[in-house]
Amino acid sequence: MSELNQAQQAAAEAGNGPQLILAGAGSGKTRTIVHRIGHLIAARGVAPHRILAVTFTNKAAAELKSRLSQLIGDDGGGVVSGTFHSISLRMLRRYADALGFPRTFQVIDADDQKALVKRLLKQANIATDRLHPSYLLGWIEHCKHAGQTPESAPACHWNGTDVRALYATYQQQLREHERMDFSDLILNCVLLMREHPGVSEALRRRFDHVLVDEYQDTNPVQHEWLTLMCADHHNLTVVGDDDQSIYGWRGADVRHILDFERIWSGASVHRLEENYRSSGAILNLANAIIKKNEDRHDKCLRATREYGSLPQWNICNDEYDEARKITAELINWRSAGYAWHEMAVLYRSNRQSLALEQVLREAALPYRIVGGVGFFERLEIKDALAYWALLNRCGDTLQLLRICNKPKRGIGNKGEEQLAAQLAASGLRASDWLDLLAEGKATGAAGKLAPLAKLISSLRQDVDQIPDRGLMQLLQASGYLDSLQSMGELEAATRIDNIRTLQSYIELTMEQELTPVEFMDRAALLQSSEEMQQDNDDTITLMSLHRAKGLEFDCVVLPGVEEGLLPHQRSLDDGEAGIAEERRLLYVGITRARRQLKLTTARVRRLFGEMHYPQPSRFIRDLPADILQPDTPVMPQTTAIPAAGGVQIGSNVLHPSFGEGVILASEGTGDATRITVQFRKSGLKRLMLKYAALQIV
Ligand code: ATP
Ligand code: MG
């Protein structure tokens, strides 16, 4: 315990009963949780498998495991740790039949979920302009985060449609496909505990201690989950920071942390006041920004590290200029001795990575993007997994429909419908139905699958003996790999490479003796959050601010600290609460940095196909230069040209790539306005005013 300060140690060694550790960023909350678990095992004799640690991301769960093994050796491995989703999934695998699901149910991914909702709206004859599929899905998720089933959700009518009834239909169809969506995992676990006393008791008795990291981001249904799990023993330890609550849009409710003492009577509260992560200068900036938020626990956070260098603020012409300045800084840091993997660029919106990627690639710097289109969301990976699942007897209808005409087998849309109907009429699981088809007696669309069914049944004979459980053989012999060639040689090669990556991943997990169903679970959980881990590479990390919580890097860049991005346009509509959450997001970003920090703002930014002329973020506008050092002391006074026209001949203008110039002529009106500009360096250009991104200087 020598590696903890007094307050941390007191929290780690606190006795039974509810414990709240409330402290600012970088104060060692996560470290304290790890030590508390170590203490429970080593000093109090609690069996590791009786301890549950809930973290927010898979990465955090893995990190916790590895820190535990360092602390207490192999025993650490027996502690059950994971995200709310992964732990719920494990419980449902055991008890789903109480809810009328087979234990082999699968988790539906975002794509299939969208497709299902679209189909459902079509069947109900509701046009998408009357009720948009993403609105419906958003509403359903909102209910699930609040712990509401179709029966308990509030009535909702929209453009003459009964949205709540559609929620019920959606659940019904998921059930028919033997699927749950991500929010279902947690809600269904809660339903087990609410409505099935026998199961509930078993779950309540499963663990003696429950510990939760990043508690500020739990939503009501997760909160209920914890309350039910700990109803008997009350041994719940939560750590969090109300200033880092950034998931309000997912229904997280920071009140859970503020009300902890009221909800759990007899709770002890621990406060940690020393920051061990960031330099004094970085912490100063973080404190200056967050203290403007109202309705927060006032916390004292003292730096323990040296003061260090001042955070920098660069104002850039546009997103490419920004990307180049960032790249230059990264190279700079590298020459100062920082490793690439100690650098991160954290942005508000995933789209911001485009320009950056381009410039980083040109500069040949090693980087990786966490998030974005995940590995398991790629088309070829979803196809390959569907094939594999069917072969290994855990594939379902959606997966069969996915690959029935890949490669082409003459099954069109009508054929697919027919197939689905035939399958439903058989009363069999898709994987088992294939046995029937292999006998070659089926007609119509199903008949066209006979060769595939035969192939699968012959491969099944010794699939246990093959390291990848038949993946490559099936994809080869079914003609799937060849069909990729039609996309062009290069494209096909990339996709086959991806499939090979999947193959090694399957081989690896099969060595760990996972069953195919368990493998599919793992894939489903990974696609919702992180990529497969490749942490050993020395690469720069690019990721969204939301994903960065709990992590730390020596050097951090926060691009796009400007109105419209941070605070984000969407949040402006939510008034003060929205702004406060955006401010916390910036606070999270700043406090990821240990030693170096750079913020950037662009004068012109292309976002969602439109030009923006953002002002610097209100969060940093009025800060004194001894807290945040600007590189351009005065912002040039510029006004955007109204895109609708009204330009004045003779005006001096600034263009993001052509530089300074003078408007010589203007023709046309409104969106069709074209102007002729004499640029000082780039010569005469004729530009569409709407897209030209000009500023009047
Ligand atoms: P966040 O709010 O960002 O999740 P946190 O409060 O969980 O932060 P940790 O990640 O646990 O903070 O700790 C931040 C850093 O400080 C880590 O590198 C950790 O190892 C280090 N640290 C924490 N406590 C101590 C200590 N008592 N002595 C030395 N280093 C410490
Ligand atoms: Mg932490």
# chains A, B, ... in the order shown; residues from 1 in each chain; ligands from 1
$ residues_around --residues "segment 561-578 of chain A" --least-positions-apart "5" --cutoff "10 Å" --atoms "only C-alpha atoms" --output "ChimeraX atom specification"
/A:248-249,293-294,313-315,347-349,352,583,585-586,599-603,607,612-621
$ write_last_selection --atoms "C-alpha atoms" --output "PDB file, in the first residue's frame"
ATOM      1  CA  GLY A 248     -25.803  12.813 -20.747  1.00  0.00           C
ATOM      2  CA  TRP A 249     -26.930  12.175 -24.329  1.00  0.00           C
ATOM      3  CA  ASN A 293     -19.653  25.332 -14.506  1.00  0.00           C
ATOM      4  CA  GLU A 294     -22.371  25.743 -11.927  1.00  0.00           C
ATOM      5  CA  TRP A 313      -3.245  27.574 -28.596  1.00  0.00           C
ATOM      6  CA  ASN A 314      -2.860  27.797 -32.391  1.00  0.00           C
ATOM      7  CA  ILE A 315      -5.249  29.515 -34.737  1.00  0.00           C
ATOM      8  CA  TYR A 347     -11.387  15.286 -31.359  1.00  0.00           C
ATOM      9  CA  ARG A 348     -15.038  16.092 -30.796  1.00  0.00           C
ATOM     10  CA  SER A 349     -16.353  14.537 -33.989  1.00  0.00           C
ATOM     11  CA  GLN A 352     -12.348  15.587 -37.910  1.00  0.00           C
ATOM     12  CA  ARG A 583     -17.306  22.138 -21.057  1.00  0.00           C
ATOM     13  CA  LEU A 585     -15.829  17.224 -22.356  1.00  0.00           C
ATOM     14  CA  LEU A 586     -13.090  19.793 -22.883  1.00  0.00           C
ATOM     15  CA  LEU A 599      -5.328  23.336 -28.625  1.00  0.00           C
ATOM     16  CA  THR A 600      -6.201  24.446 -32.152  1.00  0.00           C
ATOM     17  CA  THR A 601      -8.967  26.466 -33.772  1.00  0.00           C
ATOM     18  CA  ALA A 602      -9.644  26.858 -37.495  1.00  0.00           C
ATOM     19  CA  ARG A 603     -10.907  30.018 -39.158  1.00  0.00           C
ATOM     20  CA  LEU A 607     -17.984  20.019 -41.987  1.00  0.00           C
ATOM     21  CA  HIS A 612     -18.182  27.165 -41.428  1.00  0.00           C
ATOM     22  CA  TYR A 613     -16.418  30.253 -40.156  1.00  0.00           C
ATOM     23  CA  PRO A 614     -16.223  29.415 -36.486  1.00  0.00           C
ATOM     24  CA  GLN A 615     -15.306  31.666 -33.629  1.00  0.00           C
ATOM     25  CA  PRO A 616     -12.860  30.292 -31.067  1.00  0.00           C
ATOM     26  CA  SER A 617     -14.654  28.296 -28.402  1.00  0.00           C
ATOM     27  CA  ARG A 618     -16.259  30.373 -25.670  1.00  0.00           C
ATOM     28  CA  PHE A 619     -14.501  28.093 -23.182  1.00  0.00           C
ATOM     29  CA  ILE A 620     -11.067  29.454 -24.019  1.00  0.00           C
ATOM     30  CA  ARG A 621     -11.761  32.891 -25.453  1.00  0.00           C
TER      31      ARG A 621
END
$ residues_near_ligand --ligand "ligand 1" --cutoff "6 Å" --atoms "only C-alpha atoms and all ligand atoms" --output "PyMOL selection string"
chain A and resi 3-5+24-31+276-277+550
$ write_last_selection --atoms "N, CA and C atoms" --output "tab-separated table (two decimals), in the first residue's frame"
chain	number	residue	atom	x	y	z
A	3	GLU	N	2.28	2.68	-2.23
A	3	GLU	CA	2.17	3.51	-3.41
A	3	GLU	C	0.91	4.37	-3.40
A	4	LEU	N	0.27	4.46	-2.26
A	4	LEU	CA	-0.92	5.30	-2.19
A	4	LEU	C	-0.69	6.42	-1.19
A	5	ASN	N	-1.31	7.55	-1.42
A	5	ASN	CA	-1.26	8.59	-0.39
A	5	ASN	C	-2.29	8.25	0.69
A	24	GLY	N	-11.30	14.61	-8.51
A	24	GLY	CA	-11.04	15.16	-9.83
A	24	GLY	C	-10.19	14.23	-10.69
A	25	ALA	N	-9.96	14.70	-11.92
A	25	ALA	CA	-9.22	13.90	-12.89
A	25	ALA	C	-7.79	13.65	-12.44
A	26	GLY	N	-7.30	12.46	-12.70
A	26	GLY	CA	-5.90	12.17	-12.45
A	26	GLY	C	-5.51	12.09	-10.99
A	27	SER	N	-6.51	11.94	-10.10
A	27	SER	CA	-6.20	11.93	-8.68
A	27	SER	C	-5.98	10.51	-8.16
A	28	GLY	N	-6.00	9.54	-9.07
A	28	GLY	CA	-5.72	8.18	-8.66
A	28	GLY	C	-6.95	7.38	-8.28
A	29	LYS	N	-8.10	7.73	-8.83
A	29	LYS	CA	-9.33	6.99	-8.52
A	29	LYS	C	-9.22	5.54	-9.01
A	30	THR	N	-8.82	5.39	-10.26
A	30	THR	CA	-8.73	4.05	-10.81
A	30	THR	C	-7.67	3.24	-10.05
A	31	ARG	N	-6.58	3.91	-9.75
A	31	ARG	CA	-5.53	3.24	-8.99
A	31	ARG	C	-6.04	2.78	-7.63
A	276	TYR	N	-1.86	13.42	-9.78
A	276	TYR	CA	-0.55	12.82	-10.05
A	276	TYR	C	-0.25	12.74	-11.54
A	277	ARG	N	-1.18	13.21	-12.36
A	277	ARG	CA	-1.00	13.00	-13.79
A	277	ARG	C	-0.36	14.18	-14.50
A	550	GLY	N	-10.49	8.26	-18.85
A	550	GLY	CA	-9.73	7.30	-18.06
A	550	GLY	C	-8.32	7.08	-18.57
$ closest_residue --among "A:Gly447, A:Pro311, A:Gly240, A:Pro18" --to "ligand 2" --atoms "only C-alpha atoms and all ligand atoms"
A:Gly240
$ closest_residue --among "A:Val556, A:Leu490, A:Ala127, A:Val212" --to "ligand 2" --atoms "only C-alpha atoms and all ligand atoms"
A:Val212
$ closest_residue --among "A:Ala384, A:Ala42, A:Ile466, A:Ile126" --to "Met520 of chain A" --atoms "only C-alpha atoms"
A:Ala384
$ residues_around --residues "Ala61 of chain A" --least-positions-apart "5" --cutoff "6 Å" --atoms "only C-alpha atoms" --output "VMD selection string"
chain A and resid 55 81 to 82
$ write_last_selection --atoms "N, CA and C atoms" --output "PDB file, in the first residue's frame"
ATOM      1  N   THR A  55     -16.236  -1.601 -15.386  1.00  0.00           N
ATOM      2  CA  THR A  55     -15.574  -0.448 -15.991  1.00  0.00           C
ATOM      3  C   THR A  55     -16.385  -0.008 -17.196  1.00  0.00           C
ATOM      4  N   SER A  81     -14.200  -8.943 -14.195  1.00  0.00           N
ATOM      5  CA  SER A  81     -14.247  -7.536 -14.571  1.00  0.00           C
ATOM      6  C   SER A  81     -14.756  -7.406 -15.991  1.00  0.00           C
ATOM      7  N   GLY A  82     -15.378  -6.289 -16.272  1.00  0.00           N
ATOM      8  CA  GLY A  82     -15.911  -6.076 -17.613  1.00  0.00           C
ATOM      9  C   GLY A  82     -16.804  -4.861 -17.633  1.00  0.00           C
TER      10      GLY A  82
END
$ atom_distance --atom1 "atom CA of Thr494 of chain A" --atom2 "atom CA of Phe519 of chain A"
23.4 Å
$ residues_around --residues "Ser88 of chain A" --least-positions-apart "2" --cutoff "7 Å" --atoms "only C-alpha atoms" --output "PDB file with N, CA and C atoms, in the first residue's frame"
ATOM      1  N   PHE A  84     -20.628  -3.043 -18.234  1.00  0.00           N
ATOM      2  CA  PHE A  84     -22.009  -3.429 -17.926  1.00  0.00           C
ATOM      3  C   PHE A  84     -22.527  -4.404 -18.986  1.00  0.00           C
ATOM      4  N   HIS A  85     -22.199  -4.093 -20.255  1.00  0.00           N
ATOM      5  CA  HIS A  85     -22.709  -4.929 -21.335  1.00  0.00           C
ATOM      6  C   HIS A  85     -22.132  -6.347 -21.280  1.00  0.00           C
ATOM      7  N   SER A  86     -20.824  -6.441 -21.117  1.00  0.00           N
ATOM      8  CA  SER A  86     -20.228  -7.777 -21.190  1.00  0.00           C
ATOM      9  C   SER A  86     -20.649  -8.627 -19.990  1.00  0.00           C
ATOM     10  N   ARG A  90     -22.931 -12.131 -20.068  1.00  0.00           N
ATOM     11  CA  ARG A  90     -22.558 -13.379 -19.422  1.00  0.00           C
ATOM     12  C   ARG A  90     -23.701 -13.936 -18.575  1.00  0.00           C
ATOM     13  N   MET A  91     -24.376 -13.047 -17.857  1.00  0.00           N
ATOM     14  CA  MET A  91     -25.485 -13.498 -17.012  1.00  0.00           C
ATOM     15  C   MET A  91     -26.643 -14.003 -17.861  1.00  0.00           C
ATOM     16  N   LEU A  92     -26.882 -13.303 -18.973  1.00  0.00           N
ATOM     17  CA  LEU A  92     -28.000 -13.710 -19.822  1.00  0.00           C
ATOM     18  C   LEU A  92     -27.731 -15.057 -20.486  1.00  0.00           C
ATOM     19  N   LEU A 185     -29.278  -5.808 -23.404  1.00  0.00           N
ATOM     20  CA  LEU A 185     -28.445  -6.635 -22.535  1.00  0.00           C
ATOM     21  C   LEU A 185     -28.618  -6.194 -21.087  1.00  0.00           C
ATOM     22  N   ILE A 186     -28.557  -4.891 -20.876  1.00  0.00           N
ATOM     23  CA  ILE A 186     -28.643  -4.393 -19.504  1.00  0.00           C
ATOM     24  C   ILE A 186     -30.088  -4.422 -19.010  1.00  0.00           C
ATOM     25  N   CYS A 189     -31.250  -7.893 -18.130  1.00  0.00           N
ATOM     26  CA  CYS A 189     -30.684  -8.333 -16.858  1.00  0.00           C
ATOM     27  C   CYS A 189     -31.488  -7.751 -15.698  1.00  0.00           C
TER      28      CYS A 189
END
$ atom_distance --atom1 "atom CA of Gln148 of chain A" --atom2 "atom CA of Ile51 of chain A"
28.7 Å
$ closest_residue --among "A:Phe376, A:Tyr387, A:Tyr247, A:Tyr480" --to "Ala580 of chain A" --atoms "only C-alpha atoms"
A:Tyr247
$ residues_around --residues "segment 453-458 of chain A" --least-positions-apart "3" --cutoff "6 Å" --atoms "only C-alpha atoms" --output "NGL selection string"
:A and (391 or 434 or 437-438 or 450 or 461)
$ atom_distance --atom1 "atom CA of Ala672 of chain A" --atom2 "atom CA of Ile649 of chain A"
16.9 Å
